[in-house]
Amino acid sequence: MTAAIYAARAGMNPLVIEGAQPGGLLTTTSDVENFPGFPDGINGFDLVWKMREQAQKFGARIESSVVEGSDFSGEAKKIFISGGKTLEAKKIIIATGSSPRMTGAKGEAELYGGKGVSACATCDGAFYRGKDAVVVGGGDTACEEANFLTRFCSSIKLIHRRDELRASKIMAERALSNPKISPVWDSVVEEVLKDESGLCSGVKVKNVKTGEISEIACKAVFVAIGHKPSTAAFVGQVETDAEGYIIAKEKTVVQTNVENVFAAGDCVDRTFRQAVTAAAMGCMAAILAVS
C-alpha cells in the first residue's frame with residue numbers, strides 16, 4: 001500500500017492486486033505498538049485500511065484477484081491472475097508478503113481451519129473462551145499470540161524446541177510473567193489429537209533431549225513458528241534463494257535481477273520483517289520505479 005501511495009502520487013496510475021488476503025498478515029494483528037505515529041497503538045486491520053484509503057485517494061486502483069503466474073521475459077511484464085486474465089505493465093512491484101509455516105505434525109492439516117488448529121490467534125482466539133490452548137513457537141509472534149490468547153483462554157502452554165525463547169526481551173518477559181502462560185521447553189509437537197467429534201482434544205509432545213512422549217490436553221493449537229515468502233508465482237522469473245525469498249541487488253535493496261521489476265516487504269526481507277520496514281521498502285521500490 002505504501003508503494004501504491006507513492007506511485008499514485010507520482011501519476012503512475014498503479015493497479016494493486018490484493019490477493020487472497022487483502023491487506024496481508026498485518027490485518028490479523030491485534031495491537032500494533034511500534035508503528036510510528038500511534039503512541040497508543042493501532043489495530044493492524046485499521047492501520048492497513050487507512051493506507052488502502054490513502055492509496056485510493058491519490059488514484060491507485062485495487063483489484064481483488066490472485067496472481068497465479070508471471071512472465072518477465074519481455075519489455076512488457078506480464079502478470080497472470082485468477083479468472084484467466086493477463087495483465088501487462090512496464091514496471092512491477094512484488095509485495096506479496098509471506099504466509100505461516102506449519103509444523104507438519106500428524107493431524108495438524110486435518111484439523112486446520114475451524115477444528116482446533118490455527119495460525120492466527122487474533123482471528124480465532126475468541127472461539128476458545130474458557131478453554132485450554134497450546135501455542136507452538138518461541139519468537140515474538142509466538143509470545144504475542146500467547147499473550148493475546150490469555151484474554152480468552154483459561155491456560156496457555158507455550159511449546160518451544162529450545163530451553164529459552166528466541167523472542168525479543170520485552171516480548172519474552174511479557175509471556176513468561178503471565179500467570180496463564182506455562183512454557184514447555186525442549187519439546188516439539190508430534191501429533192494433534194482429536195476427539196470423537198473430530199475436534200482437537202490435545203497434542204502429543206516429544207522432548208527433543210530425552211525422547212520422552214507426553215500428552216497435553218487442549219482444545220486449540222496455535223502455530224507460530226514463522227513464515228514463508230509468498231513468491232510461488234514469480235519463481236523462475238526473478239532470482240530467489242532456496243527458501244523462495246526474492247534476492248534483491250545489494251545497493252538498492254528492492255531492485256531484482258530483472259530490469260523494472262522490484263520487490264518489497266517480507267517476500268524479500270528475511271531479517272527485519274516489520275511493518276515499518278515493509279512500508280519503507282514499498283516507498284523505495286516506488287521511487288525507483290518512477291525514476
# chains A, B, ... in the order shown; residues from 1 in each chain; ligands from 1
>>> select_by_dssp(residues="segment 158-209 of chain A", states="helix (DSSP H, G or I)", output="ChimeraX atom specification")
/A:169-176
>>> residues_around(residues="segment 114-117 of chain A", least_positions_apart="3", cutoff="6 Å", atoms="only C-alpha atoms", output="list in words")
Leu111, Leu199, Cys200, Ala220, Val221 and Phe222 of chain A
>>> closest_atom_pairs(of="segment 61-108 of chain A", to="segment 177-194 of chain A", cutoff="12 Å", atoms="only C-alpha atoms", output="CSV")
residue,atom,partner,partner_atom,distance
A:Met102,CA,A:Val189,CA,10.8
A:Thr103,CA,A:Val189,CA,7.6
A:Gly104,CA,A:Glu190,CA,8.6
A:Ala105,CA,A:Glu191,CA,5.0
A:Lys106,CA,A:Glu191,CA,4.5
A:Gly107,CA,A:Val192,CA,5.0
A:Glu108,CA,A:Val192,CA,5.6
>>> residues_around(residues="segment 159-169 of chain A", least_positions_apart="4", cutoff="10 Å", atoms="only C-alpha atoms", output="MDAnalysis selection string")
chainID A and resid 134:144 173:176 182:189 205:209 223 225
>>> write_last_selection(atoms="C-alpha atoms", output="PDB file, in the first residue's frame")
ATOM      1  CA  VAL A 134      -1.342 -24.523  23.086  1.00  0.00           C
ATOM      2  CA  VAL A 135       0.955 -22.125  21.227  1.00  0.00           C
ATOM      3  CA  VAL A 136       3.873 -23.578  19.260  1.00  0.00           C
ATOM      4  CA  GLY A 137       6.940 -21.378  18.787  1.00  0.00           C
ATOM      5  CA  GLY A 138       9.488 -19.262  20.614  1.00  0.00           C
ATOM      6  CA  GLY A 139       9.755 -15.961  18.764  1.00  0.00           C
ATOM      7  CA  ASP A 140       7.986 -12.617  19.057  1.00  0.00           C
ATOM      8  CA  THR A 141       4.969 -13.901  17.156  1.00  0.00           C
ATOM      9  CA  ALA A 142       4.536 -16.870  19.479  1.00  0.00           C
ATOM     10  CA  CYS A 143       4.768 -14.640  22.561  1.00  0.00           C
ATOM     11  CA  GLU A 144       2.315 -12.151  21.102  1.00  0.00           C
ATOM     12  CA  GLU A 173       9.243 -11.211  29.642  1.00  0.00           C
ATOM     13  CA  ARG A 174       5.588 -10.449  28.938  1.00  0.00           C
ATOM     14  CA  ALA A 175       4.886 -14.058  28.077  1.00  0.00           C
ATOM     15  CA  LEU A 176       6.850 -15.711  30.883  1.00  0.00           C
ATOM     16  CA  SER A 182       3.399 -22.017  31.068  1.00  0.00           C
ATOM     17  CA  PRO A 183       6.449 -22.873  28.913  1.00  0.00           C
ATOM     18  CA  VAL A 184       7.089 -26.414  27.732  1.00  0.00           C
ATOM     19  CA  TRP A 185      10.807 -26.408  26.948  1.00  0.00           C
ATOM     20  CA  ASP A 186      12.861 -28.607  24.607  1.00  0.00           C
ATOM     21  CA  SER A 187       9.734 -30.014  23.011  1.00  0.00           C
ATOM     22  CA  VAL A 188       8.053 -30.432  19.632  1.00  0.00           C
ATOM     23  CA  VAL A 189       4.522 -31.395  18.679  1.00  0.00           C
ATOM     24  CA  VAL A 205       4.640 -33.810  22.540  1.00  0.00           C
ATOM     25  CA  LYS A 206       8.167 -35.174  22.299  1.00  0.00           C
ATOM     26  CA  ASN A 207      11.048 -33.912  24.434  1.00  0.00           C
ATOM     27  CA  VAL A 208      13.949 -33.465  21.992  1.00  0.00           C
ATOM     28  CA  LYS A 209      16.571 -34.123  24.700  1.00  0.00           C
ATOM     29  CA  VAL A 223       1.125 -22.482  15.337  1.00  0.00           C
ATOM     30  CA  ILE A 225       6.857 -20.794  14.014  1.00  0.00           C
TER      31      ILE A 225
END
>>> select_by_dssp(residues="segment 49-240 of chain A", states="strand (DSSP E or B)", output="MDAnalysis selection string")
chainID A and resid 61:63 67:71 77:81 85:89 92:94 98:100 106 112 117:118 132:136 155:159 181:184 187:194 200:207 213:217 220:223 227:229 235 238 240
>>> residues_around(residues="Thr231 of chain A", least_positions_apart="3", cutoff="9 Å", atoms="only C-alpha atoms", output="PDB file with N, CA, C and O atoms, in the first residue's frame")
ATOM      1  N   ILE A  94       6.692  -6.303  -6.654  1.00  0.00           N
ATOM      2  CA  ILE A  94       6.213  -7.508  -5.969  1.00  0.00           C
ATOM      3  C   ILE A  94       6.231  -7.239  -4.462  1.00  0.00           C
ATOM      4  O   ILE A  94       7.287  -6.997  -3.885  1.00  0.00           O
ATOM      5  N   THR A  96       4.214  -9.294  -2.075  1.00  0.00           N
ATOM      6  CA  THR A  96       3.252 -10.341  -1.745  1.00  0.00           C
ATOM      7  C   THR A  96       3.370 -10.892  -0.326  1.00  0.00           C
ATOM      8  O   THR A  96       2.582 -11.754   0.071  1.00  0.00           O
ATOM      9  N   GLY A  97       4.351 -10.422   0.438  1.00  0.00           N
ATOM     10  CA  GLY A  97       4.448 -10.809   1.833  1.00  0.00           C
ATOM     11  C   GLY A  97       4.805 -12.271   2.040  1.00  0.00           C
ATOM     12  O   GLY A  97       5.555 -12.868   1.271  1.00  0.00           O
ATOM     13  N   SER A  98       4.232 -12.855   3.082  1.00  0.00           N
ATOM     14  CA  SER A  98       4.560 -14.224   3.447  1.00  0.00           C
ATOM     15  C   SER A  98       3.335 -14.911   4.036  1.00  0.00           C
ATOM     16  O   SER A  98       2.312 -14.273   4.285  1.00  0.00           O
ATOM     17  N   LYS A 228       6.766 -18.251   5.431  1.00  0.00           N
ATOM     18  CA  LYS A 228       7.479 -18.493   4.182  1.00  0.00           C
ATOM     19  C   LYS A 228       7.027 -17.456   3.164  1.00  0.00           C
ATOM     20  O   LYS A 228       5.858 -17.059   3.146  1.00  0.00           O
ATOM     21  N   PHE A 234       6.298 -16.168  -8.902  1.00  0.00           N
ATOM     22  CA  PHE A 234       7.420 -15.450  -9.526  1.00  0.00           C
ATOM     23  C   PHE A 234       8.700 -16.268  -9.602  1.00  0.00           C
ATOM     24  O   PHE A 234       9.705 -15.800 -10.135  1.00  0.00           O
ATOM     25  N   VAL A 235       8.670 -17.478  -9.056  1.00  0.00           N
ATOM     26  CA  VAL A 235       9.852 -18.333  -9.107  1.00  0.00           C
ATOM     27  C   VAL A 235      10.175 -18.658 -10.564  1.00  0.00           C
ATOM     28  O   VAL A 235       9.311 -19.060 -11.340  1.00  0.00           O
ATOM     29  N   THR A 240      15.546 -16.033  -6.824  1.00  0.00           N
ATOM     30  CA  THR A 240      15.136 -16.316  -5.448  1.00  0.00           C
ATOM     31  C   THR A 240      16.160 -17.232  -4.799  1.00  0.00           C
ATOM     32  O   THR A 240      16.924 -17.916  -5.485  1.00  0.00           O
ATOM     33  N   GLY A 244      12.853 -19.390  -1.264  1.00  0.00           N
ATOM     34  CA  GLY A 244      11.852 -18.662  -2.033  1.00  0.00           C
ATOM     35  C   GLY A 244      11.866 -17.163  -1.846  1.00  0.00           C
ATOM     36  O   GLY A 244      11.082 -16.452  -2.478  1.00  0.00           O
ATOM     37  N   TYR A 245      12.769 -16.650  -0.996  1.00  0.00           N
ATOM     38  CA  TYR A 245      12.876 -15.204  -0.838  1.00  0.00           C
ATOM     39  C   TYR A 245      13.496 -14.596  -2.092  1.00  0.00           C
ATOM     40  O   TYR A 245      14.461 -15.127  -2.640  1.00  0.00           O
ATOM     41  N   ILE A 246      12.927 -13.497  -2.543  1.00  0.00           N
ATOM     42  CA  ILE A 246      13.456 -12.820  -3.718  1.00  0.00           C
ATOM     43  C   ILE A 246      14.791 -12.170  -3.356  1.00  0.00           C
ATOM     44  O   ILE A 246      14.928 -11.541  -2.307  1.00  0.00           O
ATOM     45  N   CYS A 267       8.445 -10.574   1.312  1.00  0.00           N
ATOM     46  CA  CYS A 267       8.773 -11.527   0.250  1.00  0.00           C
ATOM     47  C   CYS A 267      10.255 -11.456  -0.120  1.00  0.00           C
ATOM     48  O   CYS A 267      10.779 -12.351  -0.777  1.00  0.00           O
TER      49      CYS A 267
END
>>> residues_around(residues="Asp31 of chain A", least_positions_apart="5", cutoff="12 Å", atoms="only C-alpha atoms", output="ChimeraX atom specification")
/A:26,38-47,122,144-145,147-148
